[in-house]
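Pasting run_13.txt here (compact mmCIF, C-alpha atoms and all ligand atoms):
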# COMPACT_ATOMS: atom_id res chain seq x y z
CA MET A 1 225.32 96.10 137.07
CA ARG A 2 224.87 93.65 134.23
CA ARG A 3 227.14 90.92 132.98
CA SER A 4 229.82 92.50 130.78
CA LEU A 5 232.78 91.38 128.68
CA ILE A 6 235.91 93.07 130.01
CA ASP A 7 238.49 90.33 129.61
CA ILE A 8 238.40 87.18 127.49
CA LEU A 9 238.54 85.03 130.65
CA ASP A 10 235.09 86.38 131.53
CA LEU A 11 233.84 83.72 129.11
CA SER A 12 234.29 80.04 129.96
CA ILE A 13 235.41 77.54 127.33
CA ASP A 14 231.82 76.25 127.17
CA GLU A 15 230.52 79.77 126.61
CA LEU A 16 233.09 80.35 123.87
CA ASN A 17 231.96 77.14 122.18
CA GLU A 18 228.35 78.21 122.49
CA LEU A 19 229.16 81.64 120.97
CA MET A 20 231.03 80.00 118.08
CA ASP A 21 228.10 77.62 117.44
CA VAL A 22 225.66 80.54 117.39
CA ALA A 23 227.99 82.53 115.11
CA VAL A 24 228.15 79.65 112.62
CA ASP A 25 224.38 79.30 112.74
CA ILE A 26 224.03 83.04 112.07
CA ALA A 27 226.41 82.74 109.10
CA ASP A 28 224.38 79.82 107.73
CA ASN A 29 220.90 81.21 108.47
CA PRO A 30 221.10 85.01 108.64
CA ASN A 31 217.36 85.48 108.14
CA LYS A 32 216.59 83.56 111.32
CA TYR A 33 218.18 86.38 113.37
CA ASN A 34 216.76 89.39 111.48
CA ASP A 35 214.52 90.51 114.33
CA SER A 36 216.36 89.11 117.35
CA CYS A 37 217.27 92.55 118.71
CA LYS A 38 214.27 94.49 117.48
CA GLY A 39 213.70 97.49 119.75
CA LYS A 40 217.18 97.24 121.27
CA ILE A 41 219.87 99.91 121.00
CA LEU A 42 223.64 99.47 120.96
CA ALA A 43 225.81 102.45 121.89
CA THR A 44 229.30 102.51 120.36
CA LEU A 45 231.54 104.77 122.44
CA PHE A 46 234.80 104.93 120.53
CA PHE A 47 237.39 107.22 122.08
CA GLU A 48 240.05 105.90 119.72
CA PRO A 49 240.17 105.34 115.94
CA SER A 50 238.65 102.17 114.54
CA THR A 51 237.32 100.86 111.26
CA ARG A 52 236.65 97.16 111.70
CA THR A 53 235.65 96.93 115.32
CA ARG A 54 233.16 99.80 115.31
CA PHE A 55 231.61 98.97 111.94
CA SER A 56 231.55 95.32 112.90
CA PHE A 57 229.57 96.07 116.07
CA GLU A 58 227.26 98.40 114.18
CA ALA A 59 226.67 95.98 111.30
CA ALA A 60 226.14 93.20 113.87
CA MET A 61 223.41 95.16 115.66
CA TYR A 62 221.69 96.21 112.42
CA GLU A 63 221.70 92.63 111.16
CA LEU A 64 220.02 91.58 114.40
CA GLY A 65 217.27 94.13 113.76
CA GLY A 66 218.49 96.56 116.43
CA GLN A 67 219.60 100.16 116.24
CA VAL A 68 222.84 101.97 116.96
CA ILE A 69 223.81 105.28 118.54
CA GLY A 70 227.29 106.51 119.42
CA PHE A 71 230.35 108.49 118.53
CA SER A 72 233.65 107.68 116.90
CA ASP A 73 235.59 110.64 118.18
CA ALA A 74 235.81 111.70 121.82
CA LYS A 75 235.84 115.35 120.69
CA ASN A 76 232.13 114.91 119.92
CA SER A 77 231.27 113.78 123.43
CA SER A 78 231.01 115.49 126.80
CA VAL A 79 234.22 113.79 127.85
CA SER A 80 235.89 116.68 126.03
CA LYS A 81 234.15 118.94 128.60
CA GLY A 82 235.68 116.91 131.41
CA GLU A 83 232.96 114.32 132.01
CA SER A 84 234.13 111.11 133.67
CA ILE A 85 233.82 107.64 132.13
CA ALA A 86 231.58 106.66 135.06
CA ASP A 87 229.12 109.50 134.39
CA THR A 88 229.21 108.86 130.65
CA ALA A 89 228.35 105.20 131.29
CA LYS A 90 225.48 106.09 133.65
CA THR A 91 224.10 108.53 131.09
CA ILE A 92 224.35 106.18 128.12
CA SER A 93 222.61 103.45 130.18
CA CYS A 94 219.47 105.65 129.97
CA TYR A 95 219.53 105.54 126.17
CA ALA A 96 220.99 102.18 125.19
CA ASP A 97 220.57 98.49 126.08
CA ILE A 98 224.22 97.60 125.58
CA ILE A 99 227.50 99.51 125.22
CA ALA A 100 230.65 98.75 123.21
CA MET A 101 233.55 100.94 124.36
CA ARG A 102 237.04 101.53 122.99
CA HIS A 103 239.43 103.78 124.87
CA PRO A 104 243.14 104.65 124.71
CA LEU A 105 243.55 104.14 128.48
CA ALA A 106 243.71 100.66 129.96
CA GLY A 107 240.80 99.86 132.25
CA ALA A 108 238.30 102.40 130.88
CA PRO A 109 235.67 99.76 129.92
CA LEU A 110 235.99 98.24 133.40
CA VAL A 111 235.26 101.63 134.94
CA ALA A 112 232.27 102.00 132.61
CA ALA A 113 230.95 98.54 133.45
CA GLN A 114 231.04 99.33 137.18
CA SER A 115 228.76 102.33 136.67
CA ALA A 116 226.55 101.28 133.76
CA SER A 117 223.25 99.50 134.31
CA VAL A 118 223.56 97.78 130.91
CA PRO A 119 226.22 95.32 129.67
CA VAL A 120 229.53 96.86 128.61
CA ILE A 121 231.76 95.24 126.01
CA ASN A 122 235.46 96.09 125.95
CA ALA A 123 236.21 96.92 122.31
CA GLY A 124 239.91 97.54 123.06
CA ASP A 125 241.47 99.38 126.02
CA GLY A 126 244.86 100.94 125.33
CA GLY A 127 247.64 98.40 124.93
CA HIS A 128 245.88 96.08 127.38
CA CYS A 129 243.28 93.76 125.89
CA HIS A 130 240.75 93.31 123.11
CA PRO A 131 238.47 90.36 123.86
CA THR A 132 236.09 90.69 120.90
CA GLN A 133 238.98 90.52 118.43
CA THR A 134 239.83 87.26 120.18
CA LEU A 135 236.31 86.03 119.46
CA ALA A 136 236.95 86.69 115.77
CA ASP A 137 240.35 84.99 115.96
CA LEU A 138 239.02 81.91 117.74
CA LEU A 139 236.18 81.34 115.30
CA THR A 140 238.62 81.69 112.39
CA ILE A 141 241.02 79.19 113.94
CA ARG A 142 238.19 76.74 114.67
CA ARG A 143 236.83 77.03 111.14
CA GLU A 144 240.25 76.63 109.54
CA LYS A 145 241.77 74.03 111.87
CA GLY A 146 238.72 72.28 113.33
CA GLY A 147 239.74 73.04 116.95
CA PHE A 148 242.49 74.34 119.20
CA ASP A 149 244.18 71.44 120.93
CA ASN A 150 247.84 70.81 120.08
CA LEU A 151 248.19 73.77 117.71
CA VAL A 152 251.53 75.55 117.37
CA VAL A 153 250.72 79.25 117.25
CA GLY A 154 253.27 81.94 116.39
CA PHE A 155 252.74 85.60 117.28
CA CYS A 156 254.92 88.03 115.37
CA GLY A 157 255.59 91.77 115.63
CA ASP A 158 254.52 94.09 118.42
CA LEU A 159 253.79 91.72 121.26
CA LYS A 160 254.33 94.42 123.85
CA TYR A 161 251.58 96.85 122.88
CA GLY A 162 249.43 94.54 120.74
CA ARG A 163 246.29 94.13 122.82
CA THR A 164 244.83 91.54 120.43
CA VAL A 165 247.90 89.38 121.10
CA HIS A 166 247.45 89.64 124.88
CA SER A 167 243.82 88.52 124.74
CA LEU A 168 244.31 85.73 122.20
CA ILE A 169 247.26 84.24 124.10
CA THR A 170 245.25 84.35 127.31
CA ALA A 171 242.39 82.55 125.57
CA LEU A 172 244.57 79.91 123.90
CA ALA A 173 246.41 79.09 127.12
CA ARG A 174 243.28 77.24 128.28
CA TYR A 175 243.42 74.63 125.51
CA LYS A 176 245.31 71.34 125.66
CA GLY A 177 248.76 70.88 124.15
CA ILE A 178 248.99 74.42 122.74
CA LYS A 179 252.53 75.60 121.92
CA ILE A 180 253.27 79.29 121.53
CA VAL A 181 256.17 80.87 119.64
CA LEU A 182 256.71 84.55 120.44
CA ILE A 183 258.52 86.29 117.59
CA SER A 184 259.53 89.88 118.27
CA PRO A 185 262.49 92.21 118.65
CA GLU A 186 263.80 92.52 122.20
CA GLU A 187 262.04 95.88 122.67
CA LEU A 188 258.58 94.53 121.77
CA LYS A 189 258.48 91.35 123.82
CA LEU A 190 255.28 90.05 125.40
CA PRO A 191 254.54 91.68 128.79
CA PHE A 192 255.28 89.62 131.83
CA TYR A 193 251.68 89.51 133.02
CA VAL A 194 250.61 87.71 129.83
CA LYS A 195 253.55 85.28 130.01
CA ARG A 196 252.40 84.50 133.49
CA GLU A 197 249.07 83.21 132.08
CA LEU A 198 251.12 80.76 130.03
CA ASP A 199 253.19 79.73 133.04
CA LEU A 200 250.14 79.29 135.22
CA LYS A 201 248.49 77.01 132.67
CA GLY A 202 251.75 75.14 131.99
CA VAL A 203 251.76 76.14 128.30
CA SER A 204 255.03 75.62 126.51
CA TYR A 205 256.38 78.73 124.79
CA ARG A 206 259.61 80.11 123.45
CA GLU A 207 260.80 83.57 122.44
CA THR A 208 262.81 84.30 119.31
CA ASN A 209 263.45 87.17 116.93
CA ASP A 210 263.77 84.91 113.88
CA LEU A 211 260.55 84.65 111.87
CA GLU A 212 262.01 82.64 108.98
CA ASN A 213 263.33 79.99 111.28
CA ALA A 214 260.09 79.66 113.27
CA LEU A 215 257.73 79.61 110.27
CA GLY A 216 258.15 75.94 109.40
CA GLU A 217 256.75 74.73 112.71
CA LEU A 218 253.65 76.95 112.87
CA ASP A 219 250.02 75.91 112.33
CA ILE A 220 248.96 79.52 112.83
CA LEU A 221 250.96 82.70 112.30
CA TYR A 222 249.40 85.77 113.91
CA MET A 223 251.05 88.85 112.41
CA THR A 224 250.64 92.27 114.03
CA ARG A 225 251.20 95.93 113.28
CA VAL A 226 253.80 97.86 115.27
CA GLN A 227 251.51 100.04 117.41
CA LYS A 228 252.78 103.52 116.56
CA GLU A 229 250.25 105.29 118.80
CA ARG A 230 251.51 103.54 121.94
CA PHE A 231 255.20 104.47 121.62
CA ALA A 232 256.64 107.12 123.92
CA SER A 233 259.29 108.01 121.31
CA ILE A 234 258.75 108.34 117.56
CA GLU A 235 262.44 107.50 116.97
CA GLU A 236 261.96 104.14 118.64
CA TYR A 237 258.88 103.50 116.48
CA GLU A 238 260.80 104.42 113.30
CA ARG A 239 263.57 102.04 114.27
CA LEU A 240 261.23 99.12 114.87
CA LYS A 241 258.40 99.68 112.41
CA ASP A 242 259.73 97.43 109.66
CA CYS A 243 261.00 94.69 111.94
CA TYR A 244 259.01 91.94 110.20
CA ILE A 245 257.57 91.88 106.72
CA LEU A 246 255.92 88.67 105.62
CA ASN A 247 256.40 88.33 101.86
CA GLU A 248 256.17 85.58 99.24
CA GLN A 249 259.79 84.67 99.77
CA LYS A 250 259.26 84.06 103.50
CA MET A 251 256.02 82.17 102.88
CA LYS A 252 258.12 79.45 101.24
CA PHE A 253 259.27 78.50 104.76
CA ALA A 254 255.69 78.06 106.00
CA LYS A 255 253.82 74.77 106.00
CA PRO A 256 251.34 74.19 103.16
CA ASP A 257 248.46 74.61 105.61
CA THR A 258 249.77 77.34 107.92
CA CYS A 259 246.95 79.76 108.55
CA ILE A 260 247.99 83.44 108.42
CA LEU A 261 245.99 85.73 110.69
CA HIS A 262 246.19 89.48 111.35
CA PRO A 263 243.72 91.59 113.35
CA LEU A 264 244.19 94.40 110.78
CA PRO A 265 244.77 97.22 109.98
CA ARG A 266 247.91 96.17 108.17
CA VAL A 267 250.59 98.73 107.43
CA ASN A 268 253.33 96.84 105.59
CA GLU A 269 253.91 93.75 107.73
CA ILE A 270 252.15 91.44 105.25
CA SER A 271 252.89 92.02 101.62
CA VAL A 272 249.71 92.48 99.54
CA ALA A 273 250.86 89.69 97.21
CA ILE A 274 250.09 87.20 99.99
CA ASP A 275 246.40 88.10 100.02
CA ASN A 276 245.82 85.63 97.18
CA ASP A 277 247.63 82.81 98.97
CA PRO A 278 244.99 80.33 100.23
CA ARG A 279 246.76 80.38 103.59
CA ALA A 280 245.88 84.07 104.11
CA CYS A 281 242.82 84.14 106.39
CA TYR A 282 242.77 87.73 107.64
CA PHE A 283 239.80 88.88 105.63
CA LYS A 284 237.84 85.80 106.71
CA GLN A 285 238.70 86.90 110.25
CA VAL A 286 236.92 90.22 109.65
CA LEU A 287 233.69 88.51 108.63
CA ASN A 288 233.92 86.02 111.48
CA GLY A 289 234.27 88.98 113.82
CA LYS A 290 230.86 90.29 112.81
CA TYR A 291 229.18 86.92 113.42
CA MET A 292 230.86 86.57 116.81
CA ARG A 293 229.82 90.07 117.84
CA MET A 294 226.25 89.22 116.83
CA ALA A 295 226.40 86.09 118.99
CA LEU A 296 227.91 88.08 121.88
CA ILE A 297 225.28 90.83 121.74
CA LEU A 298 222.54 88.18 121.74
CA LYS A 299 224.12 86.43 124.72
CA LEU A 300 224.66 89.51 126.87
CA LEU A 301 221.19 90.89 126.15
CA SER A 302 219.60 87.55 127.03
CA GLU A 303 221.26 87.55 130.46
CA ASP A 304 218.88 90.11 131.87
CA LYS A 305 219.43 89.65 135.62
CA PRO A 306 221.64 92.16 137.42
CA VAL A 307 224.95 90.85 138.79
CA ASP A 308 226.59 91.76 142.13
CA GLN A 309 230.11 91.54 140.77
CA LEU A 310 231.72 91.69 137.33
CA ASP A 311 233.31 88.39 136.27
CA TYR A 312 236.66 90.08 135.89
CA LEU A 313 236.60 91.57 139.41
CA SER A 314 235.44 88.31 140.96
CA ARG A 315 238.70 86.74 139.76
CA CYS A 316 240.85 89.49 141.35
CA GLU A 317 242.12 89.06 144.87
CA LYS A 318 241.81 92.74 145.71
CA VAL A 319 244.07 94.17 148.39
CA GLU A 320 244.47 97.56 149.99
CA ILE A 321 247.97 99.01 149.69
CA LYS A 322 248.25 102.20 151.68
CA GLY A 323 249.65 105.08 149.67
CA ALA A 324 250.32 103.01 146.54
CA VAL A 325 249.57 104.69 143.22
CA CYS A 326 249.55 103.11 139.74
CA SER A 327 252.48 104.59 137.83
CA ASN A 328 251.26 103.71 134.33
CA PRO A 329 250.53 106.96 132.44
CA LYS A 330 248.23 104.97 130.12
CA CYS A 331 245.99 103.72 132.97
CA ILE A 332 242.46 105.02 133.51
CA THR A 333 243.30 105.72 137.19
CA GLN A 334 245.36 108.68 135.90
CA THR A 335 242.37 110.60 134.59
CA GLU A 336 239.15 109.26 136.06
CA GLN A 337 237.80 111.53 138.80
CA GLU A 338 237.63 109.96 142.24
CA LEU A 339 238.24 106.45 140.93
CA GLY A 340 240.86 105.64 143.53
CA GLN A 341 243.53 102.97 143.30
CA SER A 342 242.79 99.28 143.23
CA PHE A 343 245.31 96.45 143.36
CA LYS A 344 245.25 92.69 143.16
CA LEU A 345 247.59 90.09 144.54
CA VAL A 346 248.91 88.06 141.60
CA ASP A 347 251.76 86.16 143.21
CA LYS A 348 251.62 85.16 146.86
CA GLU A 349 255.13 83.68 146.94
CA TYR A 350 256.83 86.86 145.74
CA ASN A 351 254.15 89.21 147.07
CA ILE A 352 253.52 90.81 143.68
CA HIS A 353 250.61 93.19 143.25
CA ARG A 354 249.27 94.69 140.05
CA CYS A 355 246.84 97.48 139.22
CA VAL A 356 243.37 96.01 138.68
CA TYR A 357 242.78 98.33 135.71
CA CYS A 358 246.01 98.03 133.69
CA GLU A 359 248.14 95.19 135.20
CA LYS A 360 251.06 97.53 136.01
CA LYS A 361 253.16 96.08 138.80
CA VAL A 362 253.15 98.02 142.07
CA ARG A 363 256.65 98.92 143.15
C1 LIG A 401 243.50 96.01 116.39
C2 LIG A 401 243.34 96.95 117.56
O1 LIG A 401 242.61 97.93 117.49
O2 LIG A 401 243.95 96.65 118.58
N1 LIG A 401 242.57 96.26 115.37
C3 LIG A 401 241.33 95.70 115.44
O3 LIG A 401 240.57 95.96 116.34
N2 LIG A 401 241.02 94.79 114.52
C4 LIG A 401 244.89 95.87 115.92
C5 LIG A 401 245.66 97.09 115.56
O4 LIG A 401 245.18 98.22 115.67
O5 LIG A 401 246.80 96.92 115.15

What do you get writing this file as structure tokens?
Amino acid sequence: MRRSLIDILDLSIDELNELMDVAVDIADNPNKYNDSCKGKILATLFFEPSTRTRFSFEAAMYELGGQVIGFSDAKNSSVSKGESIADTAKTISCYADIIAMRHPLAGAPLVAAQSASVPVINAGDGGHCHPTQTLADLLTIRREKGGFDNLVVGFCGDLKYGRTVHSLITALARYKGIKIVLISPEELKLPFYVKRELDLKGVSYRETNDLENALGELDILYMTRVQKERFASIEEYERLKDCYILNEQKMKFAKPDTCILHPLPRVNEISVAIDNDPRACYFKQVLNGKYMRMALILKLLSEDKPVDQLDYLSRCEKVEIKGAVCSNPKCITQTEQELGQSFKLVDKEYNIHRCVYCEKKVR
């Protein structure tokens, strides 16, 4: 196995700083990096739709002088014939030096990383996490605000299924004096396992459904799309889809230097008129994402020694629970042949265990 990026906590604060420094250097001196990945191949295995993330990885590799293979639709891969993620990862390791994988089921990139002999990057797994979007978000925040300490960051919209929200909150919880405001309807509240990261790090946060009221205190507002594809019922999606729309009228409540972020794609949650507001930073975020992915590819390819354990798994206190089965229909354990169940102890006091792949609580 090689060092992979499965979860944003796989990178230390120092490593994040180092990646951001490299990304800025790439932005300032692109020619310096033209040949850095000459002869190297990136495989993009996208089992779920994507515009930004896939093109961003591909552009990143081309700009480093490398090449790209891959697919953007699972129908074009042998998975449609019933091949497992583990076998796909072993196979692709024979053709590529590094893999970026997106999958609708939580935990799929972790399964791939356990079988691949090249680094695997999680490019979004179901409604779980999306660490490379966090890299884009962090660089944008650092460039706009000069750092992270003491920022008041609001997250608005679909905090339940929004994987970019889960990863960014987890990353921000490590900085000093951060305050988080969670703005969502009751039905789309942040999952408990992410709130726990905030509790563990002693981060102050509050939950509200009132965007207008919260706006005035925010240094950063992270808007999100309601994640239609993750809803079990279309009626519920229809009911919630327009829950927040940031328009010029609402922007009057924001501070003069509030930075508006969005991982994109946007549906209607930010009115197009706001794009010209100097506080709108979501297209800068896209460009920053490419530089961060370039820095990440360089880093993972330079760490050429095999590892015994993935960073993510080394943080899990794995436990055997006889007969227990993950009940999350969107977990990779539901479809991956012979993967077996794997649980971690997350709370000793209350004896709470969660699935290693998707964080679903074991009942
Ligand atoms: C996000 C994703 O795929 O989770 N998009 C992205 O990667 N920039 C957000 C979304 O789809 O809403």

Which is closest to Gln285 of chain A among A:Gln133, A:Ser302, A:Gln227, A:Asn31, if we use only C-alpha atoms?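 When distances to Gln285 of chain A are compared using only C-alpha atoms, the smallest one comes from A:Gln133.
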
Residue contacts of Gly177 of chain A (8 Å, all atoms listed in the file) excluding same-chain residues fewer than 3 positions away, as a list in words: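 Those residues are Asp149, Asn150, Leu151 and Val203 of chain A.
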
Fewer than 2 positions away in the same chain doesn't count, so skip those; otherwise give me all residues within 8 Å of Gly162 of chain A, counting all atoms listed in the file, as a PyMOL selection string. chain A and resi 127-128+158-160+164-166+224-227

Taking all atoms listed in the file into account, name the residue in A:Lys189, A:Arg52, A:Lys201, A:Arg2 that is nearest to Glu303 of chain A.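 The answer is A:Arg2, which sits nearest to Glu303 of chain A.
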
Which of A:Glu58, A:Thr132, A:Cys94, A:Ala89 sits closest to Asn288 of chain A [using all atoms listed in the file]: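 Between A:Glu58, A:Thr132, A:Cys94, A:Ala89, the residue approaching Asn288 of chain A most closely is A:Thr132.
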
Counting only C-alpha atoms, find residues at most 10 Å from (222.1, 93.9, 121.6) (file frame) and give them as an NGL selection string. :A and (36-43 or 57 or 60-62 or 64-68 or 96-100 or 119 or 293-302)

Report, in Å to a single decimal, how far apart atom CA of Arg279 of chain A and atom CA of Lys255 of chain A are.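 Those two atoms sit 9.3 Å apart.
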
Considering only C-alpha atoms and all ligand atoms, state which residue in the set A:Asp137, A:Asp275, A:Glu212, A:Glu336 is at the smallest distance from ligand LIG 401 (chain A).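 Residue with the minimum atom-to-atom distance to ligand LIG 401 (chain A): A:Asp137.
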
Mind giving me the straight-line distance from atom CA of Met223 of chain A to atom CA of Ile141 of chain A in Å, one decimal?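 The value is 14.0 Å.
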
Straight-line distance linking atom CA of Thr88 of chain A with atom CA of Glu320 of chain A, stated in Å to one decimal: 27.1 Å

When you count all atoms listed in the file, which of these residues is closest to ligand LIG 401 (chain A): A:Ser167, A:Thr333, A:Ser233, A:Asn34?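 Answer, going by the shortest atom-to-atom distance: A:Ser167.
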